[in-house]
file target-v3.txt (compact mmCIF, N, CA and C atoms and all ligand atoms)
# COMPACT_ATOMS: atom_id res chain seq x y z
N MET A 1 12.90 -8.36 -6.29
CA MET A 1 13.73 -8.01 -5.13
C MET A 1 14.53 -9.25 -4.72
N GLN A 2 15.88 -9.08 -4.44
CA GLN A 2 16.73 -10.23 -4.12
C GLN A 2 17.38 -10.06 -2.77
N THR A 3 17.60 -11.17 -2.08
CA THR A 3 18.35 -11.12 -0.82
C THR A 3 19.13 -12.42 -0.68
N THR A 4 20.16 -12.42 0.18
CA THR A 4 20.97 -13.63 0.36
C THR A 4 20.77 -14.15 1.78
N ILE A 5 20.35 -15.42 1.90
CA ILE A 5 20.17 -16.03 3.21
C ILE A 5 21.00 -17.31 3.23
N HIS A 6 21.90 -17.45 4.23
CA HIS A 6 22.79 -18.61 4.33
C HIS A 6 23.51 -18.85 3.00
N GLY A 7 23.98 -17.80 2.39
CA GLY A 7 24.74 -17.93 1.14
C GLY A 7 23.91 -18.25 -0.08
N ARG A 8 22.57 -18.37 0.09
CA ARG A 8 21.72 -18.67 -1.08
C ARG A 8 21.00 -17.41 -1.50
N GLN A 9 21.00 -17.19 -2.81
CA GLN A 9 20.33 -16.02 -3.34
C GLN A 9 18.83 -16.32 -3.49
N LEU A 10 17.99 -15.53 -2.81
CA LEU A 10 16.55 -15.72 -2.92
C LEU A 10 15.95 -14.51 -3.61
N SER A 11 14.97 -14.74 -4.48
CA SER A 11 14.31 -13.59 -5.09
C SER A 11 12.85 -13.57 -4.64
N PHE A 12 12.42 -12.43 -4.12
CA PHE A 12 11.06 -12.28 -3.64
C PHE A 12 10.19 -11.73 -4.76
N SER A 13 9.01 -12.32 -4.89
CA SER A 13 8.11 -11.86 -5.94
C SER A 13 7.56 -10.47 -5.60
N PRO A 14 7.71 -9.50 -6.52
CA PRO A 14 7.13 -8.17 -6.27
C PRO A 14 5.61 -8.25 -6.13
N VAL A 15 5.01 -9.24 -6.81
CA VAL A 15 3.55 -9.41 -6.70
C VAL A 15 3.17 -9.76 -5.27
N GLY A 16 3.95 -10.69 -4.66
CA GLY A 16 3.70 -11.09 -3.28
C GLY A 16 3.82 -9.90 -2.34
N ILE A 17 4.83 -9.08 -2.57
CA ILE A 17 5.04 -7.91 -1.70
C ILE A 17 3.88 -6.94 -1.85
N LEU A 18 3.39 -6.76 -3.09
CA LEU A 18 2.25 -5.87 -3.31
C LEU A 18 1.00 -6.38 -2.57
N TRP A 19 0.76 -7.70 -2.64
CA TRP A 19 -0.38 -8.28 -1.90
C TRP A 19 -0.25 -7.96 -0.41
N LEU A 20 0.96 -8.12 0.14
CA LEU A 20 1.15 -7.88 1.58
C LEU A 20 0.89 -6.41 1.93
N LYS A 21 1.32 -5.51 1.06
CA LYS A 21 1.11 -4.08 1.34
C LYS A 21 -0.38 -3.73 1.31
N LEU A 22 -1.09 -4.31 0.32
CA LEU A 22 -2.53 -4.06 0.26
C LEU A 22 -3.23 -4.67 1.48
N ALA A 23 -2.78 -5.87 1.87
CA ALA A 23 -3.40 -6.56 3.01
C ALA A 23 -3.28 -5.73 4.28
N VAL A 24 -2.13 -5.13 4.48
CA VAL A 24 -1.93 -4.38 5.72
C VAL A 24 -2.78 -3.10 5.73
N LEU A 25 -3.09 -2.58 4.56
CA LEU A 25 -4.02 -1.43 4.51
C LEU A 25 -5.41 -1.86 4.99
N TYR A 26 -5.83 -3.05 4.54
CA TYR A 26 -7.13 -3.57 5.01
C TYR A 26 -7.10 -3.82 6.51
N LEU A 27 -5.96 -4.29 7.04
CA LEU A 27 -5.85 -4.51 8.48
C LEU A 27 -6.10 -3.21 9.25
N ILE A 28 -5.45 -2.14 8.79
CA ILE A 28 -5.61 -0.85 9.48
C ILE A 28 -7.07 -0.40 9.41
N LEU A 29 -7.65 -0.50 8.20
CA LEU A 29 -9.05 -0.10 8.02
C LEU A 29 -9.97 -0.94 8.92
N GLY A 30 -9.71 -2.26 8.93
CA GLY A 30 -10.55 -3.18 9.70
C GLY A 30 -10.49 -2.91 11.20
N VAL A 31 -9.30 -2.68 11.72
CA VAL A 31 -9.21 -2.45 13.17
C VAL A 31 -9.74 -1.06 13.53
N LEU A 32 -9.57 -0.09 12.63
CA LEU A 32 -10.15 1.23 12.91
C LEU A 32 -11.67 1.13 13.00
N LEU A 33 -12.25 0.35 12.08
CA LEU A 33 -13.70 0.16 12.13
C LEU A 33 -14.10 -0.57 13.42
N GLY A 34 -13.27 -1.54 13.83
CA GLY A 34 -13.53 -2.26 15.10
C GLY A 34 -13.53 -1.29 16.27
N ILE A 35 -12.54 -0.41 16.29
CA ILE A 35 -12.46 0.56 17.40
C ILE A 35 -13.67 1.51 17.36
N ALA A 36 -14.02 1.94 16.13
CA ALA A 36 -15.17 2.85 16.00
C ALA A 36 -16.45 2.18 16.49
N MET A 37 -16.61 0.88 16.16
CA MET A 37 -17.81 0.15 16.61
C MET A 37 -17.84 0.06 18.13
N GLY A 38 -16.67 -0.27 18.70
CA GLY A 38 -16.61 -0.40 20.16
C GLY A 38 -16.90 0.93 20.84
N ALA A 39 -16.28 2.00 20.31
CA ALA A 39 -16.42 3.32 20.94
C ALA A 39 -17.85 3.83 20.86
N SER A 40 -18.50 3.55 19.73
CA SER A 40 -19.86 4.07 19.54
C SER A 40 -20.93 3.11 20.08
N GLU A 41 -20.50 1.90 20.45
CA GLU A 41 -21.43 0.83 20.87
C GLU A 41 -22.51 0.58 19.82
N ASN A 42 -22.11 0.80 18.56
CA ASN A 42 -23.01 0.51 17.44
C ASN A 42 -22.32 -0.56 16.58
N PHE A 43 -22.90 -1.76 16.58
CA PHE A 43 -22.23 -2.90 15.92
C PHE A 43 -22.88 -3.26 14.58
N THR A 44 -23.61 -2.30 14.00
CA THR A 44 -24.29 -2.56 12.72
C THR A 44 -23.32 -3.06 11.66
N LEU A 45 -22.12 -2.48 11.64
CA LEU A 45 -21.18 -2.80 10.56
C LEU A 45 -20.24 -3.96 10.92
N ARG A 46 -20.64 -4.77 11.90
CA ARG A 46 -19.81 -5.91 12.31
C ARG A 46 -19.43 -6.82 11.13
N PRO A 47 -20.37 -7.16 10.22
CA PRO A 47 -19.96 -8.02 9.09
C PRO A 47 -18.93 -7.34 8.17
N VAL A 48 -19.01 -6.02 8.05
CA VAL A 48 -18.01 -5.31 7.22
C VAL A 48 -16.64 -5.42 7.89
N HIS A 49 -16.63 -5.17 9.20
CA HIS A 49 -15.37 -5.30 9.97
C HIS A 49 -14.79 -6.71 9.79
N ALA A 50 -15.64 -7.74 9.95
CA ALA A 50 -15.14 -9.12 9.86
C ALA A 50 -14.59 -9.42 8.47
N HIS A 51 -15.30 -8.94 7.42
CA HIS A 51 -14.84 -9.26 6.06
C HIS A 51 -13.62 -8.44 5.65
N ILE A 52 -13.54 -7.20 6.09
CA ILE A 52 -12.32 -6.42 5.80
C ILE A 52 -11.12 -7.12 6.43
N ASN A 53 -11.29 -7.59 7.67
CA ASN A 53 -10.17 -8.24 8.35
C ASN A 53 -9.86 -9.62 7.79
N LEU A 54 -10.90 -10.38 7.46
CA LEU A 54 -10.63 -11.78 7.08
C LEU A 54 -10.37 -11.95 5.59
N LEU A 55 -11.15 -11.25 4.74
CA LEU A 55 -10.86 -11.32 3.30
C LEU A 55 -9.74 -10.35 2.93
N GLY A 56 -9.82 -9.14 3.50
CA GLY A 56 -8.84 -8.11 3.14
C GLY A 56 -7.48 -8.37 3.77
N TRP A 57 -7.43 -8.49 5.08
CA TRP A 57 -6.14 -8.70 5.74
C TRP A 57 -5.69 -10.15 5.67
N ALA A 58 -6.43 -11.05 6.29
CA ALA A 58 -5.92 -12.42 6.45
C ALA A 58 -5.74 -13.14 5.11
N THR A 59 -6.79 -13.14 4.27
CA THR A 59 -6.71 -13.92 3.02
C THR A 59 -5.67 -13.31 2.07
N MET A 60 -5.66 -11.97 2.00
CA MET A 60 -4.70 -11.34 1.09
C MET A 60 -3.26 -11.51 1.58
N ALA A 61 -3.06 -11.47 2.90
CA ALA A 61 -1.70 -11.66 3.41
C ALA A 61 -1.22 -13.08 3.15
N VAL A 62 -2.11 -14.05 3.31
CA VAL A 62 -1.73 -15.45 3.03
C VAL A 62 -1.37 -15.59 1.54
N ALA A 63 -2.18 -14.96 0.68
CA ALA A 63 -1.89 -15.01 -0.77
C ALA A 63 -0.51 -14.40 -1.04
N GLY A 64 -0.22 -13.26 -0.40
CA GLY A 64 1.08 -12.61 -0.59
C GLY A 64 2.22 -13.52 -0.17
N LEU A 65 2.07 -14.17 0.97
CA LEU A 65 3.14 -15.06 1.45
C LEU A 65 3.31 -16.25 0.51
N ILE A 66 2.19 -16.78 0.02
CA ILE A 66 2.28 -17.91 -0.92
C ILE A 66 3.02 -17.47 -2.20
N TYR A 67 2.67 -16.27 -2.70
CA TYR A 67 3.34 -15.81 -3.93
C TYR A 67 4.82 -15.49 -3.69
N ILE A 68 5.16 -15.11 -2.45
CA ILE A 68 6.58 -14.87 -2.15
C ILE A 68 7.33 -16.21 -2.10
N LEU A 69 6.68 -17.22 -1.53
CA LEU A 69 7.33 -18.54 -1.44
C LEU A 69 7.42 -19.24 -2.79
N PHE A 70 6.42 -18.99 -3.65
CA PHE A 70 6.35 -19.70 -4.94
C PHE A 70 6.27 -18.69 -6.08
N PRO A 71 7.42 -18.11 -6.48
CA PRO A 71 7.41 -17.05 -7.50
C PRO A 71 6.85 -17.52 -8.84
N GLU A 72 6.96 -18.83 -9.15
CA GLU A 72 6.41 -19.27 -10.46
C GLU A 72 4.89 -19.12 -10.45
N ALA A 73 4.27 -19.35 -9.28
CA ALA A 73 2.81 -19.17 -9.20
C ALA A 73 2.46 -17.68 -9.28
N ALA A 74 3.35 -16.83 -8.75
CA ALA A 74 3.07 -15.38 -8.72
C ALA A 74 3.09 -14.77 -10.12
N SER A 75 3.84 -15.40 -11.05
CA SER A 75 3.97 -14.80 -12.37
C SER A 75 3.00 -15.40 -13.39
N SER A 76 2.10 -16.25 -12.96
CA SER A 76 1.19 -16.90 -13.91
C SER A 76 0.04 -15.98 -14.30
N ARG A 77 -0.64 -16.35 -15.36
CA ARG A 77 -1.81 -15.59 -15.80
C ARG A 77 -2.94 -15.68 -14.76
N LEU A 78 -3.05 -16.87 -14.13
CA LEU A 78 -4.07 -17.03 -13.08
C LEU A 78 -3.82 -16.06 -11.92
N ALA A 79 -2.53 -15.83 -11.60
CA ALA A 79 -2.20 -14.89 -10.52
C ALA A 79 -2.66 -13.49 -10.89
N ARG A 80 -2.50 -13.13 -12.16
CA ARG A 80 -2.95 -11.78 -12.60
C ARG A 80 -4.46 -11.67 -12.49
N PHE A 81 -5.19 -12.71 -12.92
CA PHE A 81 -6.66 -12.70 -12.79
C PHE A 81 -7.04 -12.61 -11.31
N HIS A 82 -6.37 -13.41 -10.49
CA HIS A 82 -6.65 -13.40 -9.04
C HIS A 82 -6.48 -11.98 -8.50
N PHE A 83 -5.37 -11.35 -8.87
CA PHE A 83 -5.09 -10.01 -8.35
C PHE A 83 -6.17 -9.01 -8.75
N TRP A 84 -6.47 -8.94 -10.03
CA TRP A 84 -7.40 -7.90 -10.49
C TRP A 84 -8.83 -8.17 -10.07
N LEU A 85 -9.26 -9.43 -10.16
CA LEU A 85 -10.64 -9.73 -9.75
C LEU A 85 -10.83 -9.39 -8.27
N THR A 86 -9.87 -9.82 -7.43
CA THR A 86 -10.00 -9.57 -5.99
C THR A 86 -9.95 -8.08 -5.69
N ASN A 87 -8.98 -7.40 -6.26
CA ASN A 87 -8.78 -6.00 -5.86
C ASN A 87 -9.80 -5.05 -6.47
N LEU A 88 -10.49 -5.50 -7.52
CA LEU A 88 -11.62 -4.70 -8.01
C LEU A 88 -12.88 -5.02 -7.21
N ALA A 89 -13.06 -6.29 -6.88
CA ALA A 89 -14.32 -6.70 -6.23
C ALA A 89 -14.40 -6.28 -4.77
N LEU A 90 -13.31 -6.46 -4.03
CA LEU A 90 -13.39 -6.30 -2.57
C LEU A 90 -13.79 -4.90 -2.11
N PRO A 91 -13.19 -3.83 -2.66
CA PRO A 91 -13.63 -2.50 -2.22
C PRO A 91 -15.10 -2.25 -2.53
N VAL A 92 -15.54 -2.67 -3.72
CA VAL A 92 -16.95 -2.48 -4.10
C VAL A 92 -17.85 -3.26 -3.14
N MET A 93 -17.43 -4.51 -2.85
CA MET A 93 -18.21 -5.38 -1.97
C MET A 93 -18.33 -4.78 -0.57
N MET A 94 -17.24 -4.23 -0.05
CA MET A 94 -17.28 -3.67 1.30
C MET A 94 -18.15 -2.40 1.35
N ILE A 95 -18.07 -1.57 0.30
CA ILE A 95 -18.90 -0.36 0.28
C ILE A 95 -20.38 -0.75 0.14
N ALA A 96 -20.66 -1.71 -0.76
CA ALA A 96 -22.05 -2.12 -0.98
C ALA A 96 -22.62 -2.77 0.28
N LEU A 97 -21.82 -3.59 0.98
CA LEU A 97 -22.29 -4.24 2.21
C LEU A 97 -22.57 -3.18 3.29
N THR A 98 -21.70 -2.19 3.36
CA THR A 98 -21.91 -1.09 4.32
C THR A 98 -23.25 -0.40 4.04
N LEU A 99 -23.46 -0.07 2.77
CA LEU A 99 -24.70 0.64 2.42
C LEU A 99 -25.93 -0.23 2.70
N LEU A 100 -25.83 -1.52 2.40
CA LEU A 100 -26.96 -2.42 2.66
C LEU A 100 -27.29 -2.45 4.15
N LEU A 101 -26.23 -2.58 4.98
CA LEU A 101 -26.45 -2.65 6.42
C LEU A 101 -27.00 -1.32 6.97
N LEU A 102 -26.73 -0.24 6.24
CA LEU A 102 -27.27 1.06 6.67
C LEU A 102 -28.68 1.29 6.11
N GLY A 103 -29.19 0.30 5.37
CA GLY A 103 -30.59 0.36 4.95
C GLY A 103 -30.85 0.66 3.49
N TYR A 104 -29.77 0.75 2.67
CA TYR A 104 -29.97 1.05 1.23
C TYR A 104 -30.09 -0.26 0.45
N ARG A 105 -31.32 -0.78 0.35
CA ARG A 105 -31.52 -2.08 -0.26
C ARG A 105 -31.24 -2.09 -1.77
N ALA A 106 -31.22 -0.90 -2.38
CA ALA A 106 -31.00 -0.83 -3.83
C ALA A 106 -29.61 -1.34 -4.23
N VAL A 107 -28.70 -1.45 -3.28
CA VAL A 107 -27.34 -1.87 -3.64
C VAL A 107 -27.20 -3.39 -3.77
N VAL A 108 -28.28 -4.12 -3.50
CA VAL A 108 -28.18 -5.59 -3.50
C VAL A 108 -27.58 -6.14 -4.82
N PRO A 109 -28.03 -5.67 -6.02
CA PRO A 109 -27.43 -6.22 -7.24
C PRO A 109 -25.92 -5.95 -7.33
N VAL A 110 -25.50 -4.77 -6.90
CA VAL A 110 -24.06 -4.43 -6.93
C VAL A 110 -23.30 -5.35 -5.97
N LEU A 111 -23.89 -5.56 -4.78
CA LEU A 111 -23.26 -6.44 -3.80
C LEU A 111 -23.14 -7.86 -4.37
N ALA A 112 -24.24 -8.33 -4.98
CA ALA A 112 -24.23 -9.70 -5.51
C ALA A 112 -23.16 -9.83 -6.60
N LEU A 113 -23.10 -8.84 -7.50
CA LEU A 113 -22.12 -8.90 -8.58
C LEU A 113 -20.69 -8.89 -8.04
N SER A 114 -20.46 -8.01 -7.06
CA SER A 114 -19.09 -7.93 -6.51
C SER A 114 -18.73 -9.23 -5.79
N GLU A 115 -19.72 -9.87 -5.18
CA GLU A 115 -19.43 -11.15 -4.51
C GLU A 115 -19.06 -12.23 -5.53
N ILE A 116 -19.79 -12.22 -6.66
CA ILE A 116 -19.48 -13.21 -7.70
C ILE A 116 -18.07 -12.99 -8.24
N VAL A 117 -17.72 -11.72 -8.48
CA VAL A 117 -16.37 -11.42 -9.00
C VAL A 117 -15.32 -11.83 -7.97
N ALA A 118 -15.61 -11.57 -6.68
CA ALA A 118 -14.65 -11.95 -5.62
C ALA A 118 -14.45 -13.46 -5.60
N VAL A 119 -15.54 -14.20 -5.74
CA VAL A 119 -15.41 -15.67 -5.73
C VAL A 119 -14.63 -16.14 -6.96
N LEU A 120 -14.87 -15.50 -8.12
CA LEU A 120 -14.11 -15.87 -9.32
C LEU A 120 -12.61 -15.65 -9.08
N GLY A 121 -12.29 -14.55 -8.41
CA GLY A 121 -10.88 -14.28 -8.07
C GLY A 121 -10.31 -15.39 -7.21
N LEU A 122 -11.10 -15.83 -6.23
CA LEU A 122 -10.61 -16.89 -5.33
C LEU A 122 -10.51 -18.23 -6.05
N ILE A 123 -11.39 -18.45 -7.04
CA ILE A 123 -11.29 -19.69 -7.84
C ILE A 123 -9.97 -19.66 -8.64
N CYS A 124 -9.63 -18.49 -9.19
CA CYS A 124 -8.35 -18.37 -9.91
C CYS A 124 -7.19 -18.67 -8.96
N PHE A 125 -7.29 -18.16 -7.73
CA PHE A 125 -6.26 -18.41 -6.71
C PHE A 125 -6.13 -19.92 -6.47
N ALA A 126 -7.26 -20.57 -6.27
CA ALA A 126 -7.25 -22.01 -5.98
C ALA A 126 -6.65 -22.78 -7.16
N LEU A 127 -7.09 -22.43 -8.40
CA LEU A 127 -6.55 -23.11 -9.59
C LEU A 127 -5.04 -22.88 -9.69
N ASN A 128 -4.63 -21.65 -9.40
CA ASN A 128 -3.22 -21.30 -9.49
C ASN A 128 -2.39 -22.17 -8.52
N ILE A 129 -2.93 -22.36 -7.33
CA ILE A 129 -2.23 -23.18 -6.34
C ILE A 129 -2.13 -24.63 -6.82
N PHE A 130 -3.22 -25.14 -7.36
CA PHE A 130 -3.19 -26.53 -7.83
C PHE A 130 -2.27 -26.71 -9.03
N LEU A 131 -2.26 -25.71 -9.94
CA LEU A 131 -1.53 -25.90 -11.20
C LEU A 131 -0.09 -25.41 -11.16
N ASN A 132 0.19 -24.40 -10.36
CA ASN A 132 1.48 -23.72 -10.50
C ASN A 132 2.38 -23.73 -9.27
N LEU A 133 1.97 -24.41 -8.20
CA LEU A 133 2.87 -24.53 -7.05
C LEU A 133 3.83 -25.69 -7.31
N LYS A 134 5.14 -25.35 -7.42
CA LYS A 134 6.13 -26.38 -7.72
C LYS A 134 6.97 -26.64 -6.48
N LYS A 135 7.48 -27.85 -6.35
CA LYS A 135 8.24 -28.21 -5.13
C LYS A 135 9.60 -27.52 -5.08
N SER A 136 10.20 -27.21 -6.24
CA SER A 136 11.57 -26.72 -6.24
C SER A 136 11.69 -25.36 -5.56
C1 LIG B 1 -7.85 -3.46 17.26
C2 LIG B 1 -8.37 -4.51 16.61
C3 LIG B 1 -9.83 -4.90 16.63
C4 LIG B 1 -10.90 -4.33 17.26
C5 LIG B 1 -10.92 -3.07 18.13
C6 LIG B 1 -12.06 -5.15 16.97
C7 LIG B 1 -13.35 -4.90 17.41
C8 LIG B 1 -14.44 -5.73 17.19
C9 LIG B 1 -15.77 -5.49 17.72
C10 LIG B 1 -16.19 -4.30 18.60
C11 LIG B 1 -16.56 -6.51 17.29
C12 LIG B 1 -18.05 -6.71 17.56
C13 LIG B 1 -18.19 -7.52 18.82
C14 LIG B 1 -19.65 -7.75 19.21
O1 LIG B 1 -20.54 -7.62 18.37
O2 LIG B 1 -19.88 -8.09 20.38
C15 LIG B 1 -15.73 -7.41 16.49
C16 LIG B 1 -16.17 -8.58 15.87
C17 LIG B 1 -15.39 -9.37 15.06
N1 LIG B 1 -14.08 -9.17 14.71
FE1 LIG B 1 -12.91 -7.68 15.40
N2 LIG B 1 -11.68 -6.19 16.14
C18 LIG B 1 -10.33 -6.08 15.91
C19 LIG B 1 -9.54 -6.91 15.10
C20 LIG B 1 -10.02 -7.99 14.37
C21 LIG B 1 -9.21 -8.81 13.49
C22 LIG B 1 -7.70 -8.57 13.22
C23 LIG B 1 -10.04 -9.77 12.98
C24 LIG B 1 -9.74 -10.88 12.01
C25 LIG B 1 -8.55 -11.10 11.43
C26 LIG B 1 -11.37 -9.56 13.54
C27 LIG B 1 -12.47 -10.34 13.26
C28 LIG B 1 -13.70 -10.18 13.85
C29 LIG B 1 -14.82 -11.08 13.64
C30 LIG B 1 -14.83 -12.34 12.78
C31 LIG B 1 -15.90 -10.56 14.38
C32 LIG B 1 -17.30 -11.14 14.49
C33 LIG B 1 -18.18 -10.52 13.42
C34 LIG B 1 -19.63 -10.96 13.55
O3 LIG B 1 -20.01 -11.58 14.55
O4 LIG B 1 -20.40 -10.64 12.63
N3 LIG B 1 -11.31 -8.47 14.37
N4 LIG B 1 -14.45 -6.92 16.44

call {"tool": "encode", "arguments": {"input": "target-v3.txt", "output": "structure tokens", "more": "lines below"}}
Ligand code: HEM
result
Amino acid sequence: MQTTIHGRQLSFSPVGILWLKLAVLYLILGVLLGIAMGASENFTLRPVHAHINLLGWATMAVAGLIYILFPEAASSRLARFHFWLTNLALPVMMIALTLLLLGYRAVVPVLALSEIVAVLGLICFALNIFLNLKKS
């Protein structure tokens, strides 16, 4: 996607835009859960609410903005690993955490695995920032 600002042609990374769209979905989900907790006065799922908002909304939105600012980082192989590892792990992690908090202890291995995959995604993100963020 391209736009012109002050006579300069800027191109926005479609990957960055996709991250932002996914992030805002997590924001809506997170605040709906917050409202549901407040309305029901049942705060059992507080950690799910916090992680949907902070990993789903905040962290993913920051990643999207970084990829929009630095398109070379957005097109790297590390960015693709970051995208798929995060977006496969996070929904599983949130569902497994919900079930655990509701008392289903059998989900612990699934939760642990999804957490490891999520961290691997974030390690790819960190490596991508160190290796592929260019000043130009
Ligand atoms: C309409 C929006 C929101 C509503 C209605 C809402 C509601 C709540 C409620 C009811 C709690 C539990 C409070 C308690 O236990 O006393 C909570 C905790 C929390 N919320 Fe939200 N929230 C909203 C947005 C957000 C956003 C946007 C973020 C982060 C980006 C966030 C992060 C947190 C965190 C970190 C906690 C503490 C979790 C914990 O102690 O385990 N919330 N929120």

call {"tool": "atom_distance", "arguments": {"input": "target-v3.txt", "atom1": "atom CA of Leu100 of chain A", "atom2": "atom CA of His49 of chain A"}}
result
14.0 Å

call {"tool": "residues_around", "arguments": {"input": "target-v3.txt", "residues": "Phe81 of chain A", "least_positions_apart": "5", "cutoff": "10 Å", "atoms": "only C-alpha atoms", "output": "PyMOL selection string"}}
result
chain A and resi 76+86-87+120-125+128

call {"tool": "residues_near_ligand", "arguments": {"input": "target-v3.txt", "ligand": "ligand LIG 1 (chain B)", "cutoff": "7 Å", "atoms": "all atoms listed in the file", "output": "PyMOL selection string"}}
result
chain A and resi 27+30-39+43+45-54+57-58

call {"tool": "atom_distance", "arguments": {"input": "target-v3.txt", "atom1": "atom N of Met93 of chain A", "atom2": "atom C of Ser114 of chain A"}}
result
5.7 Å

call {"tool": "closest_atom_pairs", "arguments": {"input": "target-v3.txt", "of": "segment 28-129 of chain A", "to": "segment 10-20 of chain A", "cutoff": "6 Å", "atoms": "only N, CA and C atoms", "output": "CSV"}}
result
residue,atom,partner,partner_atom,distance
A:Met60,C,A:Trp19,C,5.1
A:Ala61,CA,A:Leu20,CA,5.1
A:Ala63,C,A:Gly16,CA,5.8
A:Gly64,CA,A:Gly16,CA,4.1
A:Leu65,N,A:Gly16,CA,5.5
A:Tyr67,C,A:Gly16,CA,4.6
A:Ile68,N,A:Gly16,CA,4.4
A:Pro71,CA,A:Ser13,CA,5.5

call {"tool": "residues_around", "arguments": {"input": "target-v3.txt", "residues": "Asn132 of chain A", "least_positions_apart": "4", "cutoff": "6 Å", "atoms": "all atoms listed in the file", "output": "list in words"}}
result
Glu72, Ala73, Leu127 and Asn128 of chain A

call {"tool": "closest_residue", "arguments": {"input": "target-v3.txt", "among": "A:Ala23, A:Leu29, A:Glu41, A:His82", "to": "Gly56 of chain A", "atoms": "only N, CA and C atoms"}}
result
A:Ala23

call {"tool": "closest_residue", "arguments": {"input": "target-v3.txt", "among": "A:Ala126, A:Leu22, A:Ala118, A:Leu55", "to": "Ala89 of chain A", "atoms": "all atoms listed in the file"}}
result
A:Ala118

call {"tool": "residues_around", "arguments": {"input": "target-v3.txt", "residues": "Val92 of chain A", "least_positions_apart": "4", "cutoff": "12 Å", "atoms": "only C-alpha atoms", "output": "ChimeraX atom specification"}}
result
/A:48,52,85-88,96-99,107-118
